[in-house]
file protein31.txt (compact mmCIF, C-alpha atoms)
# COMPACT_ATOMS: atom_id res chain seq x y z
CA MET T 1 0.49 16.05 -17.48
CA THR T 2 -2.24 17.49 -15.27
CA GLN T 3 -4.87 16.91 -17.99
CA CYS T 4 -4.69 13.19 -17.47
CA ILE T 5 -4.96 13.30 -13.67
CA PRO T 6 -8.78 12.99 -13.35
CA ASP T 7 -8.85 9.81 -15.43
CA LEU T 8 -5.77 8.53 -13.63
CA LEU T 9 -7.45 9.04 -10.26
CA VAL T 10 -10.41 6.97 -11.40
CA THR T 11 -8.47 4.13 -13.00
CA THR T 12 -5.97 3.90 -10.14
CA ALA T 13 -8.64 3.79 -7.45
CA ALA T 14 -10.72 1.29 -9.40
CA GLU T 15 -7.73 -1.00 -9.93
CA THR T 16 -6.73 -0.74 -6.26
CA LEU T 17 -10.22 -1.46 -4.96
CA GLY T 18 -10.88 -4.27 -7.42
CA THR T 19 -7.52 -6.03 -7.16
CA MET T 20 -6.62 -5.83 -3.48
CA PHE T 21 -9.80 -4.88 -1.66
CA PHE T 22 -12.28 -7.11 -3.54
CA THR T 23 -14.56 -4.09 -4.05
CA PRO T 24 -15.68 -3.45 -7.63
CA VAL T 25 -16.32 0.12 -8.74
CA THR T 26 -19.71 0.35 -10.43
CA GLY T 27 -19.61 3.88 -11.80
CA ARG T 28 -18.26 7.42 -11.79
CA LEU T 29 -20.20 10.05 -9.82
CA LYS T 30 -20.48 13.80 -10.35
CA GLY T 31 -21.02 16.61 -7.87
CA ALA T 32 -19.38 18.35 -4.93
CA TYR T 33 -21.55 16.58 -2.35
CA PHE T 34 -18.76 14.15 -1.55
CA SER T 35 -16.42 16.83 -0.19
CA THR T 36 -18.71 17.74 2.68
CA ALA T 37 -20.97 14.73 3.19
CA ALA T 38 -21.54 13.66 6.77
CA ASN T 39 -21.11 10.04 7.91
CA ALA T 40 -17.97 9.59 5.91
CA THR T 41 -14.41 8.67 6.81
CA THR T 42 -11.65 10.94 5.53
CA VAL T 43 -8.00 9.91 5.30
CA ARG T 44 -5.28 12.37 4.30
CA ILE T 45 -1.85 11.39 2.98
CA PRO T 46 0.72 14.15 2.56
CA PHE T 47 3.59 13.47 0.15
CA LEU T 48 6.97 14.89 -0.76
CA THR T 49 8.57 14.87 -4.15
CA GLY T 50 11.74 16.67 -3.15
CA SER T 51 12.77 18.55 -0.08
CA GLN T 52 9.42 20.22 0.42
CA THR T 53 5.86 19.02 0.90
CA ASN T 54 4.16 19.49 -2.38
CA GLY T 55 0.83 17.89 -1.98
CA HIS T 56 -1.61 15.59 -0.31
CA MET T 57 -4.40 13.25 -1.26
CA ASP T 58 -7.68 13.04 0.64
CA LEU T 59 -9.76 9.91 0.34
CA ARG T 60 -13.33 10.05 1.58
CA VAL T 61 -15.59 7.05 1.79
CA SER T 62 -19.17 6.72 2.97
CA GLU T 63 -19.87 4.76 6.14
CA ASP T 64 -21.46 1.83 4.31
CA GLY T 65 -18.70 1.87 1.71
CA ALA T 66 -16.01 1.79 4.41
CA GLN T 67 -17.69 -1.17 6.12
CA TRP T 68 -17.99 -2.99 2.80
CA ILE T 69 -14.35 -2.45 1.86
CA ALA T 70 -13.08 -3.43 5.33
CA SER T 71 -15.16 -6.59 5.57
CA SER T 72 -14.07 -7.65 2.07
CA PHE T 73 -10.38 -6.97 2.72
CA LEU T 74 -10.37 -8.65 6.13
CA ALA T 75 -12.67 -11.49 5.04
CA ILE T 76 -15.09 -10.79 7.89
CA ASP T 77 -18.49 -12.16 6.93
CA GLU T 78 -20.57 -11.43 10.00
CA GLY T 79 -21.27 -8.32 12.02
CA PRO T 80 -19.90 -4.80 11.65
CA VAL T 81 -16.14 -4.32 11.51
CA PRO T 82 -14.90 -2.28 14.51
CA GLU T 83 -14.15 1.36 13.69
CA HIS T 84 -10.40 1.14 14.39
CA ARG T 85 -10.04 -1.78 11.98
CA VAL T 86 -12.14 0.02 9.35
CA ASN T 87 -9.85 3.03 9.70
CA ASP T 88 -6.74 0.83 9.29
CA VAL T 89 -8.14 -0.62 6.07
CA ILE T 90 -9.18 2.76 4.64
CA CYS T 91 -5.68 4.06 5.40
CA GLU T 92 -4.35 1.14 3.34
CA VAL T 93 -6.71 1.97 0.47
CA ALA T 94 -5.44 5.56 0.54
CA ASN T 95 -1.83 4.45 0.84
CA VAL T 96 -1.96 2.05 -2.10
CA THR T 97 -4.01 4.38 -4.30
CA CYS T 98 -1.79 7.39 -3.62
CA GLY T 99 1.42 5.38 -4.06
CA SER T 100 0.25 3.93 -7.34
CA LEU T 101 -0.90 7.33 -8.61
CA LEU T 102 2.35 9.09 -7.69
CA SER T 103 4.40 6.24 -9.17
CA THR T 104 2.86 7.19 -12.50
CA LEU T 105 3.04 10.97 -12.05
CA PHE T 106 6.55 11.13 -10.55
CA SER T 107 8.16 7.92 -11.79
CA ASP T 108 11.41 9.55 -12.86
CA ARG T 109 12.02 11.73 -9.80
CA GLY T 110 10.50 9.62 -7.01
CA PHE T 111 8.43 10.64 -4.01
CA ARG T 112 7.84 9.83 -0.37
CA LEU T 113 4.49 9.21 1.25
CA LEU T 114 4.02 10.40 4.82
CA SER T 115 1.81 8.57 7.30
CA PRO T 116 -1.91 8.59 6.56
CA GLU T 117 -4.11 10.38 9.06
CA VAL T 118 -7.82 9.93 9.72
CA LEU T 119 -9.47 13.36 9.79
CA ARG T 120 -12.45 13.92 12.05
CA ASN T 121 -14.00 16.72 10.02
CA PRO T 122 -14.13 17.42 6.30
CA PRO T 123 -10.93 19.34 5.59
CA ALA T 124 -10.76 22.98 4.57
CA GLU T 125 -8.83 23.38 1.35
CA ASN T 126 -6.02 25.69 0.42
CA SER T 127 -7.31 27.70 -2.51
CA GLU T 128 -3.75 28.22 -3.77
CA SER T 129 -3.23 24.54 -4.49
CA GLU T 130 -4.12 22.90 -7.77
CA SER T 131 -6.70 20.24 -7.04
CA PHE T 132 -8.49 17.38 -8.75
CA GLU T 133 -11.56 15.58 -7.46
CA GLU T 134 -13.27 12.41 -8.58
CA ALA T 135 -15.96 10.27 -6.96
CA LEU T 136 -16.76 6.63 -7.55
CA GLU T 137 -19.87 4.58 -6.97
CA LEU T 138 -19.24 1.30 -5.16
CA GLU T 139 -21.43 -1.74 -4.88
CA ARG T 140 -22.33 -0.21 -1.53
CA GLY T 141 -21.74 3.48 -0.89
CA TRP T 142 -19.26 5.79 -2.55
CA LEU T 143 -15.63 6.85 -2.40
CA SER T 144 -14.08 10.15 -3.46
CA LEU T 145 -10.50 11.23 -4.09
CA HIS T 146 -9.06 14.73 -3.91
CA LEU T 147 -5.53 15.29 -5.08
CA HIS T 148 -3.91 18.62 -4.14
CA LEU T 149 -0.64 19.75 -5.69
CA SER T 150 1.17 22.84 -4.50
CA SER T 151 3.05 22.96 -7.80
CA PRO T 152 2.08 21.56 -11.22
CA ALA T 153 3.00 17.90 -11.69
CA MET W 154 8.01 -27.96 -1.28
CA ALA W 155 6.56 -25.58 1.29
CA TYR W 156 8.31 -22.34 2.22
CA ARG W 157 8.86 -20.35 5.40
CA VAL W 158 7.77 -16.78 4.73
CA LEU W 159 8.56 -13.66 6.78
CA VAL W 160 6.23 -10.72 6.10
CA VAL W 161 7.40 -7.31 7.31
CA ASP W 162 4.73 -4.60 7.37
CA ASP W 163 3.59 -2.15 10.05
CA SER W 164 -0.05 -2.73 9.12
CA PRO W 165 -1.61 -5.80 10.78
CA ALA W 166 -4.38 -5.64 8.17
CA MET W 167 -1.85 -5.88 5.33
CA ARG W 168 0.01 -8.77 6.98
CA SER W 169 -3.27 -10.59 7.39
CA PHE W 170 -4.16 -9.87 3.76
CA ILE W 171 -0.84 -11.24 2.49
CA ARG W 172 -1.30 -14.40 4.51
CA ARG W 173 -4.74 -14.85 2.99
CA ILE W 174 -3.75 -14.29 -0.60
CA LEU W 175 -0.73 -16.55 -0.26
CA ASN W 176 -3.24 -19.26 0.55
CA LEU W 177 -5.53 -18.16 -2.30
CA SER W 178 -2.63 -18.24 -4.76
CA GLY W 179 -1.82 -21.85 -3.93
CA PHE W 180 1.69 -20.97 -2.78
CA ALA W 181 2.79 -23.62 -0.27
CA VAL W 182 3.62 -22.04 3.09
CA SER W 183 4.99 -24.14 5.94
CA GLU W 184 5.49 -21.21 8.34
CA PHE W 185 4.16 -17.67 8.21
CA VAL W 186 6.17 -15.27 10.39
CA GLU W 187 5.30 -11.60 10.92
CA ALA W 188 7.28 -8.50 11.86
CA ALA W 189 6.04 -4.92 12.20
CA ASN W 190 9.26 -3.22 11.03
CA GLY W 191 12.79 -3.88 9.82
CA LEU W 192 14.33 -3.97 13.27
CA ASP W 193 11.92 -6.64 14.48
CA ALA W 194 12.58 -8.58 11.27
CA LEU W 195 16.35 -8.55 11.87
CA GLU W 196 15.82 -9.84 15.42
CA ILE W 197 13.65 -12.66 14.13
CA LEU W 198 16.18 -13.57 11.45
CA GLN W 199 18.97 -13.83 14.01
CA ALA W 200 16.93 -16.46 15.86
CA ARG W 201 15.32 -18.49 13.09
CA SER W 202 15.54 -19.31 9.40
CA VAL W 203 13.07 -18.44 6.68
CA ASP W 204 13.13 -19.00 2.91
CA VAL W 205 11.93 -15.61 1.70
CA VAL W 206 11.15 -12.14 3.08
CA LEU W 207 8.33 -9.90 1.84
CA THR W 208 8.76 -6.35 3.08
CA ASP W 209 6.99 -3.03 2.87
CA ILE W 210 9.06 0.16 2.55
CA ASN W 211 7.49 2.80 4.81
CA MET W 212 7.64 1.54 8.38
CA PRO W 213 8.58 3.05 11.75
CA ARG W 214 11.89 2.24 13.55
CA MET W 215 13.52 0.69 10.47
CA ASN W 216 12.11 0.98 6.96
CA GLY W 217 12.25 -1.63 4.23
CA GLU W 218 15.10 0.00 2.36
CA GLU W 219 17.33 -0.10 5.44
CA LEU W 220 16.31 -3.71 6.08
CA VAL W 221 17.39 -4.68 2.55
CA ARG W 222 20.69 -2.86 3.04
CA GLN W 223 21.38 -4.53 6.41
CA LEU W 224 20.57 -8.00 5.08
CA ASP W 225 22.87 -7.47 2.12
CA GLN W 226 25.70 -6.53 4.51
CA ASP W 227 25.19 -9.62 6.71
CA HIS W 228 27.29 -12.48 5.35
CA LYS W 229 24.88 -15.07 6.82
CA LEU W 230 21.74 -13.47 5.47
CA ARG W 231 22.79 -11.90 2.18
CA THR W 232 21.62 -14.91 0.15
CA LEU W 233 18.13 -14.70 1.66
CA PRO W 234 15.77 -13.49 -1.08
CA VAL W 235 13.91 -10.26 -0.26
CA VAL W 236 10.89 -9.12 -2.25
CA VAL W 237 9.83 -5.52 -1.67
CA VAL W 238 6.06 -5.04 -1.67
CA SER W 239 5.15 -1.40 -1.99
CA GLY W 240 2.79 1.15 -3.45
CA ASP W 241 5.84 3.10 -4.58
CA SER W 242 6.85 1.65 -7.93
CA SER W 243 8.60 4.74 -9.28
CA GLU W 244 11.57 3.91 -11.50
CA VAL W 245 14.05 5.58 -9.16
CA ARG W 246 12.82 3.65 -6.10
CA VAL W 247 12.79 0.24 -7.82
CA LYS W 248 16.24 0.81 -9.32
CA ARG W 249 17.72 1.84 -5.96
CA LEU W 250 16.24 -1.14 -4.08
CA MET W 251 17.44 -3.65 -6.65
CA GLU W 252 20.91 -2.07 -6.53
CA ILE W 253 21.17 -2.46 -2.76
CA GLY W 254 20.14 -6.11 -2.73
CA ALA W 255 16.40 -6.68 -3.22
CA ARG W 256 15.72 -9.72 -5.42
CA GLY W 257 12.19 -8.83 -6.39
CA TYR W 258 9.69 -6.01 -6.42
CA LEU W 259 5.93 -6.23 -6.27
CA SER W 260 3.99 -3.02 -6.73
CA LYS W 261 0.66 -2.56 -4.99
CA PRO W 262 -2.06 -3.14 -5.95
CA PHE W 263 -1.30 -6.77 -6.73
CA SER W 264 -3.35 -9.90 -7.26
CA PRO W 265 -2.71 -13.34 -5.73
CA GLU W 266 -1.44 -14.49 -9.13
CA ARG W 267 1.16 -11.71 -9.34
CA LEU W 268 2.39 -12.45 -5.83
CA ARG W 269 2.72 -16.13 -6.68
CA THR W 270 4.54 -15.39 -9.94
CA GLU W 271 7.06 -13.12 -8.22
CA LEU W 272 7.72 -15.61 -5.41
CA ASP W 273 8.14 -18.45 -7.90
CA ARG W 274 10.57 -16.33 -9.91
CA VAL W 275 12.66 -15.30 -6.92
CA LEU W 276 12.74 -18.74 -5.29
CA GLY W 277 13.26 -20.46 -8.63
CA ALA W 278 16.22 -18.24 -9.37
CA ARG W 279 17.67 -19.12 -5.99
CA ALA W 280 17.40 -22.90 -6.57
call {"tool": "encode", "arguments": {"input": "protein31.txt", "output": "structure tokens"}}
result
Amino acid sequence: MTQCIPDLLVTTAAETLGTMFFTPVTGRLKGAYFSTAANATTVRIPFLTGSQTNGHMDLRVSEDGAQWIASSFLAIDEGPVPEHRVNDVICEVANVTCGSLLSTLFSDRGFRLLSPEVLRNPPAENSESESFEEALELERGWLSLHLHLSSPA
Amino acid sequence: MAYRVLVVDDSPAMRSFIRRILNLSGFAVSEFVEAANGLDALEILQARSVDVVLTDINMPRMNGEELVRQLDQDHKLRTLPVVVVSGDSSEVRVKRLMEIGARGYLSKPFSPERLRTELDRVLGARA
């Protein structure tokens, strides 16, 4: 199942952004730059698939990308969207993307998403977890997804 | 006919979004009522009538699953259609919610057209 995860990350995020956040994805990006880039918002969602935590998803989005997504979702045409409202919207992007992804990966056994959290610094990763990373080009800015599983899906 | 809609979601951004896409979909809304969790929704429903409830699952104080269960156990409110709107569309979750009384299920992400179709189905089935 894990072989299909990179493509699933891309298609799930693109569908989420295009359908609910009025933000088309314009391409797929390569490189590790997105994990550590400054001026980006990071949201982490831990999830459970049984009695133990067995993963989390980090969503990182550039500052201009976050503004673009938030203004599209909230239908705000003028001026910058305040940071707390941008963070609320990016948490929703992460929530919907992660929920949709896990619904495909764990459809038969179910899962539970925990509350999303905005991280102030790029997170350090646990080298023991299995991880998948994809980055997308937006009409403005970029967005990256990192899925970490403590056990194979 | 225009409908009174109660939207239950802890995210103000998501409640605002649902209000907007209800308008975009052409669904006729006479009243749009909001609650931030299941407990607040139950309080509202004791005081006023609505035609349909749209609820998220993961919320503080009382989640959407408990709200569905409580409505199904209330003899005055058990006929009120509830549509669960959630990013969790796993088979086990959908099956459980429909078993405990949800009338519809809309998985996120969804378009205005899908929301309209689900509301038409649920309210049509009621009429």
call {"tool": "interface_residues", "arguments": {"input": "protein31.txt", "of": "chain W", "to": "chain T", "cutoff": "12 Å", "atoms": "all atoms listed in the file", "output": "ChimeraX atom specification"}}
result
/W:162-174,209-213,238-249,259-268
call {"tool": "atom_distance", "arguments": {"input": "protein31.txt", "atom1": "CA of Glu219 (chain W)", "atom2": "CA of Thr232 (chain W)"}}
result
16.3 Å
call {"tool": "atom_distance", "arguments": {"input": "protein31.txt", "atom1": "CA of Pro80 (chain T)", "atom2": "CA of Gln67 (chain T)"}}
result
7.0 Å
call {"tool": "atom_distance", "arguments": {"input": "protein31.txt", "atom1": "CA of Ile253 (chain W)", "atom2": "CA of Ala94 (chain T)"}}
result
28.0 Å
call {"tool": "residues_around", "arguments": {"input": "protein31.txt", "residues": "Ser131 (chain T)", "least_positions_apart": "4", "cutoff": "7 Å", "atoms": "only C-alpha atoms", "output": "PyMOL selection string"}}
result
chain T and resi 146-149
call {"tool": "residues_around", "arguments": {"input": "protein31.txt", "residues": "Ala155 (chain W)", "least_positions_apart": "2", "cutoff": "8 Å", "atoms": "all atoms listed in the file", "output": "ChimeraX atom specification"}}
result
/W:157,180-183
call {"tool": "residues_around", "arguments": {"input": "protein31.txt", "residues": "region 132-136 of chain T", "least_positions_apart": "5", "cutoff": "10 Å", "atoms": "only C-alpha atoms", "output": "PyMOL selection string"}}
result
chain T and resi 2-3+5-10+13-14+25-35+57-61+141-149
call {"tool": "write_last_selection", "arguments": {"input": "protein31.txt", "atoms": "C-alpha atoms", "output": "compact mmCIF listing (two decimals), in the frame of the given file"}}
result
# COMPACT_ATOMS: atom_id res chain seq x y z
CA THR T 2 -2.24 17.49 -15.27
CA GLN T 3 -4.87 16.91 -17.99
CA ILE T 5 -4.96 13.30 -13.67
CA PRO T 6 -8.78 12.99 -13.35
CA ASP T 7 -8.85 9.81 -15.43
CA LEU T 8 -5.77 8.53 -13.63
CA LEU T 9 -7.45 9.04 -10.26
CA VAL T 10 -10.41 6.97 -11.40
CA ALA T 13 -8.64 3.79 -7.45
CA ALA T 14 -10.72 1.29 -9.40
CA VAL T 25 -16.32 0.12 -8.74
CA THR T 26 -19.71 0.35 -10.43
CA GLY T 27 -19.61 3.88 -11.80
CA ARG T 28 -18.26 7.42 -11.79
CA LEU T 29 -20.20 10.05 -9.82
CA LYS T 30 -20.48 13.80 -10.35
CA GLY T 31 -21.02 16.61 -7.87
CA ALA T 32 -19.38 18.35 -4.93
CA TYR T 33 -21.55 16.58 -2.35
CA PHE T 34 -18.76 14.15 -1.55
CA SER T 35 -16.42 16.83 -0.19
CA MET T 57 -4.40 13.25 -1.26
CA ASP T 58 -7.68 13.04 0.64
CA LEU T 59 -9.76 9.91 0.34
CA ARG T 60 -13.33 10.05 1.58
CA VAL T 61 -15.59 7.05 1.79
CA GLY T 141 -21.74 3.48 -0.89
CA TRP T 142 -19.26 5.79 -2.55
CA LEU T 143 -15.63 6.85 -2.40
CA SER T 144 -14.08 10.15 -3.46
CA LEU T 145 -10.50 11.23 -4.09
CA HIS T 146 -9.06 14.73 -3.91
CA LEU T 147 -5.53 15.29 -5.08
CA HIS T 148 -3.91 18.62 -4.14
CA LEU T 149 -0.64 19.75 -5.69
call {"tool": "residues_around", "arguments": {"input": "protein31.txt", "residues": "Glu187 (chain W)", "least_positions_apart": "3", "cutoff": "7 Å", "atoms": "only C-alpha atoms", "output": "list in words"}}
result
Leu159, Val160 and Val161 of chain W
call {"tool": "residues_around", "arguments": {"input": "protein31.txt", "residues": "Gly191 (chain W)", "least_positions_apart": "2", "cutoff": "9 Å", "atoms": "all atoms listed in the file", "output": "PyMOL selection string"}}
result
chain W and resi 161-162+188-189+193-196+208+212-221
call {"tool": "closest_residue", "arguments": {"input": "protein31.txt", "among": "W:Leu207, W:Arg201, W:Leu276, W:Gln223", "to": "Leu175 (chain W)", "atoms": "all atoms listed in the file"}}
result
W:Leu207
call {"tool": "closest_residue", "arguments": {"input": "protein31.txt", "among": "W:Leu224, W:Ala200, W:Val205, W:Leu230", "to": "Gly257 (chain W)", "atoms": "all atoms listed in the file"}}
result
W:Val205
call {"tool": "decode", "arguments": {"input": "protein31.txt", "residues": "region 162-256 of chain W", "atoms": "C-alpha atoms", "output": "PDB file, in the first residue's frame"}}
result
ATOM      1  CA  ASP W 162     -18.741  23.024  13.458  1.00  0.00           C
ATOM      2  CA  ASP W 163     -16.068  24.286  15.854  1.00  0.00           C
ATOM      3  CA  SER W 164     -14.351  26.168  13.035  1.00  0.00           C
ATOM      4  CA  PRO W 165     -15.835  29.623  12.342  1.00  0.00           C
ATOM      5  CA  ALA W 166     -14.070  29.561   8.963  1.00  0.00           C
ATOM      6  CA  MET W 167     -15.821  26.315   8.011  1.00  0.00           C
ATOM      7  CA  ARG W 168     -19.233  27.594   9.145  1.00  0.00           C
ATOM      8  CA  SER W 169     -18.704  30.710   7.071  1.00  0.00           C
ATOM      9  CA  PHE W 170     -17.634  28.588   4.095  1.00  0.00           C
ATOM     10  CA  ILE W 171     -20.741  26.393   4.319  1.00  0.00           C
ATOM     11  CA  ARG W 172     -22.966  29.450   4.438  1.00  0.00           C
ATOM     12  CA  ARG W 173     -21.269  30.784   1.321  1.00  0.00           C
ATOM     13  CA  ILE W 174     -21.464  27.610  -0.714  1.00  0.00           C
ATOM     14  CA  LEU W 175     -25.083  27.053   0.255  1.00  0.00           C
ATOM     15  CA  ASN W 176     -25.721  30.370  -1.453  1.00  0.00           C
ATOM     16  CA  LEU W 177     -23.498  29.425  -4.401  1.00  0.00           C
ATOM     17  CA  SER W 178     -25.340  26.115  -4.826  1.00  0.00           C
ATOM     18  CA  GLY W 179     -28.694  27.850  -5.133  1.00  0.00           C
ATOM     19  CA  PHE W 180     -30.099  26.037  -2.107  1.00  0.00           C
ATOM     20  CA  ALA W 181     -32.843  28.214  -0.611  1.00  0.00           C
ATOM     21  CA  VAL W 182     -32.044  29.123   3.000  1.00  0.00           C
ATOM     22  CA  SER W 183     -34.514  31.105   5.101  1.00  0.00           C
ATOM     23  CA  GLU W 184     -32.444  30.956   8.307  1.00  0.00           C
ATOM     24  CA  PHE W 185     -28.815  30.027   8.866  1.00  0.00           C
ATOM     25  CA  VAL W 186     -28.087  29.083  12.481  1.00  0.00           C
ATOM     26  CA  GLU W 187     -24.630  28.225  13.825  1.00  0.00           C
ATOM     27  CA  ALA W 188     -23.331  26.176  16.748  1.00  0.00           C
ATOM     28  CA  ALA W 189     -19.722  25.465  17.719  1.00  0.00           C
ATOM     29  CA  ASN W 190     -20.325  21.964  19.134  1.00  0.00           C
ATOM     30  CA  GLY W 191     -22.983  19.345  19.773  1.00  0.00           C
ATOM     31  CA  LEU W 192     -23.943  20.658  23.185  1.00  0.00           C
ATOM     32  CA  ASP W 193     -24.610  24.151  21.863  1.00  0.00           C
ATOM     33  CA  ALA W 194     -26.598  22.600  19.004  1.00  0.00           C
ATOM     34  CA  LEU W 195     -28.838  20.687  21.424  1.00  0.00           C
ATOM     35  CA  GLU W 196     -29.509  23.884  23.392  1.00  0.00           C
ATOM     36  CA  ILE W 197     -30.464  25.702  20.206  1.00  0.00           C
ATOM     37  CA  LEU W 198     -32.743  22.868  19.113  1.00  0.00           C
ATOM     38  CA  GLN W 199     -34.603  22.937  22.425  1.00  0.00           C
ATOM     39  CA  ALA W 200     -35.451  26.592  21.795  1.00  0.00           C
ATOM     40  CA  ARG W 201     -36.135  26.749  18.067  1.00  0.00           C
ATOM     41  CA  SER W 202     -36.965  24.640  15.037  1.00  0.00           C
ATOM     42  CA  VAL W 203     -34.817  23.984  12.002  1.00  0.00           C
ATOM     43  CA  ASP W 204     -35.347  21.801   8.927  1.00  0.00           C
ATOM     44  CA  VAL W 205     -31.933  20.166   8.662  1.00  0.00           C
ATOM     45  CA  VAL W 206     -28.679  19.893  10.626  1.00  0.00           C
ATOM     46  CA  LEU W 207     -25.203  19.770   9.068  1.00  0.00           C
ATOM     47  CA  THR W 208     -22.609  18.639  11.584  1.00  0.00           C
ATOM     48  CA  ASP W 209     -18.898  18.027  11.767  1.00  0.00           C
ATOM     49  CA  ILE W 210     -17.603  15.065  13.797  1.00  0.00           C
ATOM     50  CA  ASN W 211     -14.523  16.231  15.714  1.00  0.00           C
ATOM     51  CA  MET W 212     -15.580  19.018  18.066  1.00  0.00           C
ATOM     52  CA  PRO W 213     -14.896  19.893  21.706  1.00  0.00           C
ATOM     53  CA  ARG W 214     -17.513  19.411  24.492  1.00  0.00           C
ATOM     54  CA  MET W 215     -19.768  17.175  22.383  1.00  0.00           C
ATOM     55  CA  ASN W 216     -18.738  15.653  19.072  1.00  0.00           C
ATOM     56  CA  GLY W 217     -20.935  15.043  16.051  1.00  0.00           C
ATOM     57  CA  GLU W 218     -21.372  11.345  16.716  1.00  0.00           C
ATOM     58  CA  GLU W 219     -22.755  12.007  20.193  1.00  0.00           C
ATOM     59  CA  LEU W 220     -25.013  14.728  18.785  1.00  0.00           C
ATOM     60  CA  VAL W 221     -26.487  12.269  16.267  1.00  0.00           C
ATOM     61  CA  ARG W 222     -27.015   9.719  19.044  1.00  0.00           C
ATOM     62  CA  GLN W 223     -28.723  12.243  21.347  1.00  0.00           C
ATOM     63  CA  LEU W 224     -31.017  13.510  18.597  1.00  0.00           C
ATOM     64  CA  ASP W 225     -32.016   9.970  17.716  1.00  0.00           C
ATOM     65  CA  GLN W 226     -32.945   9.331  21.366  1.00  0.00           C
ATOM     66  CA  ASP W 227     -35.079  12.498  21.627  1.00  0.00           C
ATOM     67  CA  HIS W 228     -38.638  11.692  20.585  1.00  0.00           C
ATOM     68  CA  LYS W 229     -39.244  15.315  19.490  1.00  0.00           C
ATOM     69  CA  LEU W 230     -36.091  15.609  17.434  1.00  0.00           C
ATOM     70  CA  ARG W 231     -35.504  12.124  16.050  1.00  0.00           C
ATOM     71  CA  THR W 232     -37.223  12.951  12.739  1.00  0.00           C
ATOM     72  CA  LEU W 233     -34.942  15.947  12.176  1.00  0.00           C
ATOM     73  CA  PRO W 234     -32.583  15.053   9.313  1.00  0.00           C
ATOM     74  CA  VAL W 235     -28.880  15.199  10.199  1.00  0.00           C
ATOM     75  CA  VAL W 236     -26.175  15.227   7.547  1.00  0.00           C
ATOM     76  CA  VAL W 237     -22.654  14.554   8.807  1.00  0.00           C
ATOM     77  CA  VAL W 238     -20.002  16.625   7.035  1.00  0.00           C
ATOM     78  CA  SER W 239     -16.547  15.267   7.702  1.00  0.00           C
ATOM     79  CA  GLY W 240     -13.111  14.572   6.321  1.00  0.00           C
ATOM     80  CA  ASP W 241     -13.401  11.078   7.766  1.00  0.00           C
ATOM     81  CA  SER W 242     -15.205   9.004   5.173  1.00  0.00           C
ATOM     82  CA  SER W 243     -13.817   5.627   6.210  1.00  0.00           C
ATOM     83  CA  GLU W 244     -16.290   2.777   5.724  1.00  0.00           C
ATOM     84  CA  VAL W 245     -16.425   1.991   9.434  1.00  0.00           C
ATOM     85  CA  ARG W 246     -17.183   5.597  10.417  1.00  0.00           C
ATOM     86  CA  VAL W 247     -19.911   6.124   7.790  1.00  0.00           C
ATOM     87  CA  LYS W 248     -21.556   2.788   8.639  1.00  0.00           C
ATOM     88  CA  ARG W 249     -21.582   3.564  12.370  1.00  0.00           C
ATOM     89  CA  LEU W 250     -23.048   7.064  11.923  1.00  0.00           C
ATOM     90  CA  MET W 251     -25.805   5.859   9.624  1.00  0.00           C
ATOM     91  CA  GLU W 252     -26.628   3.091  12.106  1.00  0.00           C
ATOM     92  CA  ILE W 253     -27.056   5.528  14.988  1.00  0.00           C
ATOM     93  CA  GLY W 254     -29.344   7.883  13.093  1.00  0.00           C
ATOM     94  CA  ALA W 255     -27.550  10.108  10.570  1.00  0.00           C
ATOM     95  CA  ARG W 256     -29.602  10.541   7.381  1.00  0.00           C
TER      96      ARG W 256
END
